[in-house]
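> File name target-v5.txt; file contents compact mmCIF, C-alpha atoms; full text below.
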```txt
# COMPACT_ATOMS: atom_id res chain seq x y z
CA GLN A 179 13.28 -46.76 9.15
CA LYS A 180 15.58 -48.15 6.51
CA GLU A 181 19.13 -48.98 7.57
CA VAL A 182 20.69 -46.89 4.81
CA GLU A 183 19.27 -43.90 2.98
CA GLN A 184 20.64 -42.53 -0.27
CA ASP A 185 19.19 -39.88 -2.58
CA PRO A 186 18.53 -41.63 -5.91
CA GLY A 187 19.06 -38.45 -7.92
CA PRO A 188 19.45 -38.23 -10.84
CA LEU A 189 22.41 -35.92 -10.54
CA SER A 190 23.74 -34.12 -13.61
CA VAL A 191 26.96 -32.07 -13.57
CA PRO A 192 29.28 -30.50 -16.16
CA GLU A 193 32.62 -32.08 -16.85
CA GLY A 194 35.28 -30.96 -14.37
CA ALA A 195 32.84 -30.32 -11.54
CA ILE A 196 33.25 -31.67 -8.03
CA VAL A 197 30.59 -34.25 -7.25
CA SER A 198 29.35 -34.99 -3.75
CA LEU A 199 27.43 -38.19 -3.09
CA ASN A 200 26.01 -38.96 0.34
CA CYS A 201 24.39 -41.62 2.46
CA THR A 202 22.95 -41.61 5.94
CA TYR A 203 22.44 -44.61 8.16
CA SER A 204 20.77 -45.53 11.40
CA ASN A 205 22.81 -48.45 12.76
CA SER A 206 25.61 -47.18 14.96
CA ALA A 207 27.25 -50.61 14.83
CA PHE A 208 28.30 -50.18 11.20
CA GLN A 209 32.09 -50.12 10.96
CA TYR A 210 32.82 -50.76 7.28
CA PHE A 211 31.65 -48.32 4.67
CA MET A 212 31.89 -49.03 0.96
CA TRP A 213 31.27 -47.15 -2.24
CA TYR A 214 30.44 -49.01 -5.44
CA ARG A 215 30.11 -47.79 -9.02
CA GLN A 216 27.70 -49.58 -11.30
CA TYR A 217 27.48 -49.17 -15.04
CA SER A 218 24.36 -50.25 -16.85
CA ARG A 219 23.93 -54.05 -16.95
CA LYS A 220 27.09 -54.62 -14.94
CA GLY A 221 27.71 -55.67 -11.38
CA PRO A 222 28.68 -52.98 -8.87
CA GLU A 223 32.42 -52.36 -8.84
CA LEU A 224 34.03 -51.64 -5.49
CA LEU A 225 35.59 -48.17 -5.58
CA MET A 226 36.68 -47.65 -2.01
CA TYR A 227 36.08 -48.85 1.49
CA THR A 228 36.70 -47.17 4.81
CA TYR A 229 36.89 -48.55 8.29
CA SER A 230 35.35 -46.49 11.06
CA SER A 231 35.59 -42.72 10.81
CA GLY A 232 37.86 -40.52 8.78
CA ASN A 233 38.84 -39.80 5.22
CA LYS A 234 40.35 -41.94 2.52
CA GLU A 235 41.65 -40.67 -0.79
CA ASP A 236 42.30 -42.57 -4.00
CA GLY A 237 43.10 -40.47 -7.02
CA ARG A 238 40.11 -38.27 -7.81
CA PHE A 239 37.95 -40.02 -5.23
CA THR A 240 37.69 -39.17 -1.54
CA ALA A 241 35.52 -41.07 0.92
CA GLN A 242 34.54 -39.49 4.22
CA VAL A 243 32.86 -41.09 7.20
CA ASP A 244 31.32 -39.13 10.07
CA LYS A 245 30.11 -41.69 12.55
CA SER A 246 28.85 -39.09 14.99
CA SER A 247 26.40 -37.88 12.37
CA LYS A 248 25.94 -41.30 10.78
CA TYR A 249 26.78 -39.74 7.44
CA ILE A 250 29.16 -40.80 4.70
CA SER A 251 30.23 -39.03 1.54
CA LEU A 252 32.04 -39.74 -1.69
CA PHE A 253 33.65 -36.82 -3.49
CA ILE A 254 34.71 -36.99 -7.11
CA ARG A 255 37.09 -34.26 -8.25
CA ASP A 256 37.50 -33.20 -11.87
CA SER A 257 34.56 -35.34 -12.89
CA GLN A 258 34.71 -37.02 -16.30
CA PRO A 259 32.00 -38.32 -18.62
CA SER A 260 33.32 -41.81 -17.87
CA ASP A 261 32.26 -41.27 -14.24
CA SER A 262 28.64 -41.37 -15.39
CA ALA A 263 27.16 -44.33 -13.55
CA THR A 264 25.11 -45.26 -10.52
CA TYR A 265 26.98 -44.96 -7.22
CA LEU A 266 25.95 -47.17 -4.34
CA CYS A 267 26.97 -46.94 -0.73
CA ALA A 268 27.03 -50.05 1.41
CA MET A 269 27.74 -50.72 5.06
CA SER A 270 28.47 -53.61 7.31
CA GLU A 271 29.08 -54.24 10.99
CA GLY A 272 32.03 -56.44 10.29
CA TYR A 273 34.56 -57.38 7.69
CA TRP A 274 33.09 -58.98 4.60
CA ASN A 275 34.72 -62.34 5.03
CA THR A 276 33.23 -62.90 8.46
CA GLY A 277 29.69 -63.43 7.29
CA ASN A 278 28.32 -60.02 8.14
CA GLN A 279 25.44 -58.78 6.10
CA PHE A 280 25.65 -55.79 3.82
CA TYR A 281 23.22 -52.93 3.73
CA PHE A 282 23.08 -51.03 0.48
CA GLY A 283 21.73 -47.64 -0.40
CA THR A 284 19.50 -47.45 -3.44
CA GLY A 285 22.18 -45.76 -5.52
CA THR A 286 22.56 -42.27 -6.98
CA SER A 287 22.49 -41.93 -10.75
CA LEU A 288 25.22 -39.53 -11.94
CA THR A 289 25.62 -38.05 -15.41
CA VAL A 290 28.69 -35.97 -16.26
CA ILE A 291 28.03 -33.79 -19.28
CA PRO A 292 30.98 -33.12 -21.62
CA GLY B 887 10.49 -47.90 1.77
CA ALA B 888 11.33 -50.85 -0.43
CA VAL B 889 13.00 -53.74 1.35
CA VAL B 890 14.59 -56.87 -0.01
CA SER B 891 15.27 -59.82 2.25
CA GLN B 892 17.41 -62.90 1.78
CA HIS B 893 17.16 -66.22 3.51
CA PRO B 894 19.18 -67.75 4.96
CA SER B 895 21.70 -65.11 5.99
CA ARG B 896 24.39 -67.74 6.29
CA VAL B 897 24.58 -71.45 5.49
CA ILE B 898 27.21 -74.11 5.93
CA CYS B 899 26.87 -77.30 3.93
CA LYS B 900 28.82 -80.37 2.95
CA SER B 901 30.38 -80.73 -0.46
CA GLY B 902 28.00 -82.30 -2.95
CA THR B 903 24.81 -81.04 -1.40
CA SER B 904 22.47 -78.43 -2.87
CA VAL B 905 21.62 -75.15 -1.22
CA LYS B 906 18.69 -72.86 -1.94
CA ILE B 907 18.83 -69.13 -1.29
CA GLU B 908 15.68 -67.03 -1.34
CA CYS B 909 15.38 -63.39 -2.33
CA ARG B 910 12.14 -61.60 -1.51
CA SER B 911 10.87 -58.13 -2.22
CA LEU B 912 8.81 -57.36 0.87
CA ASP B 913 6.68 -54.40 -0.11
CA PHE B 914 6.90 -54.06 -3.86
CA GLN B 915 6.66 -56.13 -6.98
CA ALA B 916 9.84 -57.00 -8.75
CA THR B 917 9.58 -58.28 -12.29
CA THR B 918 13.34 -58.39 -12.44
CA MET B 919 15.80 -59.60 -9.84
CA PHE B 920 19.56 -59.89 -10.11
CA TRP B 921 21.92 -62.36 -8.49
CA TYR B 922 25.48 -61.36 -7.66
CA ARG B 923 28.45 -63.13 -6.19
CA GLN B 924 31.11 -61.39 -4.17
CA PHE B 925 34.57 -62.61 -3.32
CA PRO B 926 36.43 -61.05 -0.38
CA LYS B 927 37.54 -57.50 -1.12
CA GLN B 928 36.18 -57.68 -4.63
CA SER B 929 33.30 -56.21 -6.51
CA LEU B 930 29.98 -57.87 -7.08
CA MET B 931 29.93 -60.11 -10.13
CA LEU B 932 26.60 -60.26 -11.89
CA MET B 933 25.67 -63.90 -12.25
CA ALA B 934 22.23 -63.74 -13.81
CA THR B 935 19.14 -61.67 -14.38
CA SER B 936 15.95 -63.29 -13.18
CA ASN B 937 12.69 -62.36 -14.88
CA GLU B 938 9.35 -63.33 -13.39
CA GLY B 939 7.70 -66.07 -15.38
CA SER B 940 10.56 -66.69 -17.77
CA LYS B 941 14.00 -68.21 -17.85
CA ALA B 942 16.89 -66.40 -16.25
CA THR B 943 19.55 -64.74 -18.37
CA TYR B 944 22.99 -65.90 -17.30
CA GLU B 945 26.18 -63.95 -17.70
CA GLN B 946 29.04 -65.44 -19.64
CA GLY B 947 30.97 -68.00 -17.64
CA VAL B 948 28.17 -68.77 -15.16
CA GLU B 949 27.02 -72.39 -15.29
CA LYS B 950 23.26 -72.56 -15.73
CA ASP B 951 23.00 -76.12 -14.51
CA LYS B 952 24.96 -75.37 -11.37
CA PHE B 953 23.24 -72.15 -10.38
CA LEU B 954 19.53 -72.72 -10.87
CA ILE B 955 17.37 -69.62 -10.73
CA ASN B 956 13.63 -69.61 -10.39
CA HIS B 957 11.49 -66.48 -10.32
CA ALA B 958 8.07 -67.95 -9.72
CA SER B 959 6.33 -64.86 -8.41
CA LEU B 960 6.67 -61.09 -8.46
CA THR B 961 8.14 -61.12 -4.97
CA LEU B 962 10.35 -64.20 -4.88
CA SER B 963 13.41 -65.43 -6.73
CA THR B 964 15.47 -68.41 -5.64
CA LEU B 965 19.05 -69.37 -6.40
CA THR B 966 19.93 -73.03 -5.94
CA VAL B 967 23.58 -73.97 -5.88
CA THR B 968 23.59 -77.59 -6.98
CA SER B 969 26.25 -80.07 -5.96
CA ALA B 970 28.10 -77.37 -4.08
CA HIS B 971 31.88 -77.50 -3.80
CA PRO B 972 34.28 -75.52 -1.61
CA GLU B 973 35.06 -73.16 -4.50
CA ASP B 974 31.39 -72.13 -4.46
CA SER B 975 31.88 -70.67 -1.00
CA SER B 976 31.10 -66.99 -1.33
CA PHE B 977 28.77 -64.18 -0.47
CA TYR B 978 25.67 -64.16 -2.68
CA ILE B 979 23.64 -60.98 -2.97
CA CYS B 980 20.39 -60.37 -4.78
CA SER B 981 18.78 -57.16 -5.86
CA ALA B 982 15.31 -56.39 -7.09
CA ARG B 983 14.22 -53.78 -9.55
CA ASP B 984 11.12 -51.95 -8.45
CA SER B 985 9.17 -51.66 -11.66
CA ILE B 986 6.36 -49.57 -10.35
CA LEU B 987 6.39 -47.80 -7.01
CA ALA B 988 3.42 -45.81 -5.83
CA GLY B 989 2.06 -45.55 -9.32
CA ARG B 990 5.26 -44.15 -10.81
CA ALA B 991 7.68 -46.02 -13.01
CA THR B 992 11.11 -46.19 -11.43
CA ASP B 993 14.23 -48.15 -12.18
CA THR B 994 15.70 -48.18 -8.69
CA GLN B 995 17.48 -51.34 -7.65
CA TYR B 996 17.18 -52.55 -4.06
CA PHE B 997 19.77 -54.89 -2.66
CA GLY B 998 19.30 -57.71 -0.21
CA PRO B 999 21.66 -58.11 2.74
CA GLY B 1000 23.44 -61.12 1.30
CA THR B 1001 23.86 -64.82 2.09
CA ARG B 1002 27.18 -66.25 3.21
CA LEU B 1003 27.66 -69.76 1.80
CA THR B 1004 30.41 -71.95 3.19
CA VAL B 1005 30.92 -75.37 1.61
CA LEU B 1006 33.01 -77.78 3.63
```
So that I can check it, write out the structure of this file as structure tokens.


Amino acid sequence: QKEVEQDPGPLSVPEGAIVSLNCTYSNSAFQYFMWYRQYSRKGPELLMYTYSSGNKEDGRFTAQVDKSSKYISLFIRDSQPSDSATYLCAMSEGYWNTGNQFYFGTGTSLTVIP
Amino acid sequence: GAVVSQHPSRVICKSGTSVKIECRSLDFQATTMFWYRQFPKQSLMLMATSNEGSKATYEQGVEKDKFLINHASLTLSTLTVTSAHPEDSSFYICSARDSILAGRATDTQYFGPGTRLTVL
């Protein structure tokens, strides 16, 4: 079983819609949960990170972690065409500067239609 | 499912030495692999695109002679940090593009778990 599972999509929504992106994982030791956005031919850009369970909000983006279900979500409100990209989840047992390895999902391709 | 491994997971070396990091696609063929560098709390910076059997394409600002990339087979790409210095200390991550999976063309990118390089 892979450490992290993510539906690759593609996902297509109209502008203004609420987008829900999800990942599931199997390692209960994961404590740090990240969401990246990647545009074509660019490196993944860190959007948000969460420690342990709970919600975190940043503008139109909300990250949720449910450790009991081993399930994380990223919600995008009032989606814009500029949100069209691939969204990757990533997880780690420890903080990134302590040498812990990262486990990425495969990414979900999102297109927001004007 | 597709898995990408990296070896070593962490390495500590002295300044001036060279370090080789391997990126392997374990159950699929990857004609294209990507090398990224991550600084703490920052995004992944694309360093280069590695194409099997040809020279790597480096992003602007990345020194080709310092970060040597070899993609000798469809399942292995290596990144060699030559004459490493403390400022090269970072987390290096590779990803592999699965060109063909189960007979279908797909453009999914699979990431390795990363290699922590510390240069003393």

> So, with all atoms listed in the file as the atoms that count, which of B:Ala942, B:Met931, B:Ile979, B:Leu1006 lies closest to Pro894 of chain B?

B:Ile979

> Hey, list the chain A side of the contact with chain B: 12 Å cut-off, all atoms listed in the file, answer as a PyMOL selection string.

chain A and resi 179-188+210+212-228+264-271+273-287

> Residues of segment 219-285 of chain A within 6 Å of segment 196-209 of chain A: nearest atom pair and distance (Å, one decimal) for each, counting only C-alpha atoms, sorted by chain and number, as JSON lines?


```
{"residue": "A:Tyr229", "atom": "CA", "partner": "A:Gln209", "partner_atom": "CA", "distance": 5.7}
{"residue": "A:Ser230", "atom": "CA", "partner": "A:Gln209", "partner_atom": "CA", "distance": 4.9}
{"residue": "A:Lys248", "atom": "CA", "partner": "A:Tyr203", "partner_atom": "CA", "distance": 5.5}
{"residue": "A:Tyr249", "atom": "CA", "partner": "A:Thr202", "partner_atom": "CA", "distance": 4.5}
{"residue": "A:Ile250", "atom": "CA", "partner": "A:Cys201", "partner_atom": "CA", "distance": 5.3}
{"residue": "A:Ser251", "atom": "CA", "partner": "A:Asn200", "partner_atom": "CA", "distance": 4.4}
{"residue": "A:Leu252", "atom": "CA", "partner": "A:Leu199", "partner_atom": "CA", "distance": 5.1}
{"residue": "A:Phe253", "atom": "CA", "partner": "A:Ser198", "partner_atom": "CA", "distance": 4.7}
{"residue": "A:Ile254", "atom": "CA", "partner": "A:Val197", "partner_atom": "CA", "distance": 4.9}
{"residue": "A:Arg255", "atom": "CA", "partner": "A:Ile196", "partner_atom": "CA", "distance": 4.6}
{"residue": "A:Asp256", "atom": "CA", "partner": "A:Ile196", "partner_atom": "CA", "distance": 5.9}
{"residue": "A:Ser270", "atom": "CA", "partner": "A:Phe208", "partner_atom": "CA", "distance": 5.2}
{"residue": "A:Glu271", "atom": "CA", "partner": "A:Phe208", "partner_atom": "CA", "distance": 4.1}
```

> What does the structure give for the distance between atom CA of Val967 of chain B and atom CA of Ile898 of chain B, in Å to one decimal?

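One can read the atom CA of Val967 of chain B to atom CA of Ile898 of chain B distance as 12.4 Å.
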
> What is the atom CA of Pro192 of chain A-atom CA of Phe239 of chain A distance in Å, reported with one decimal?

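Between atom CA of Pro192 of chain A and atom CA of Phe239 of chain A the gap works out to 16.9 Å.
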
> Interatomic distance between atom CA of Ile907 of chain B and atom CA of Gln946 of chain B?

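Atom-to-atom, atom CA of Ile907 of chain B and atom CA of Gln946 of chain B are spaced 21.3 Å apart.
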
> Between A:Val191, A:Ser247, A:Leu288, A:Phe211, which has the minimum distance to Asn233 of chain A (counting all atoms listed in the file)?

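Using all atoms listed in the file, Asn233 of chain A sits closest to A:Phe211.
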
> Fewer than 3 positions away in the same chain doesn't count, so skip those; otherwise give me all residues within 9 Å of Ser260 of chain A, counting all atoms listed in the file, as a compact mmCIF listing (two decimals) with C-alpha atoms, in the frame of the given file.


```txt
# COMPACT_ATOMS: atom_id res chain seq x y z
CA SER A 257 34.56 -35.34 -12.89
CA ALA A 263 27.16 -44.33 -13.55
CA THR A 289 25.62 -38.05 -15.41
CA VAL A 290 28.69 -35.97 -16.26
```

> Enclose segment 280-291 of chain A, meaning all of its atoms listed in the file, in a box aligned along x, y and z, pad it by 3 Å on each side, and list the centre and edge lengths in Å to one decimal, as JSON.


```
{"center_x": 24.1, "center_y": -44.8, "center_z": -7.7, "size_x": 15.2, "size_y": 28.0, "size_z": 29.1}
```

> Write out as a PyMOL selection string the residues lying within 12 Å of Val905 of chain B, counting only C-alpha atoms and excluding same-chain residues fewer than 3 positions away.

chain B and resi 893-894+896-902+908+952-955+964-971+974-975+978+1001-1005
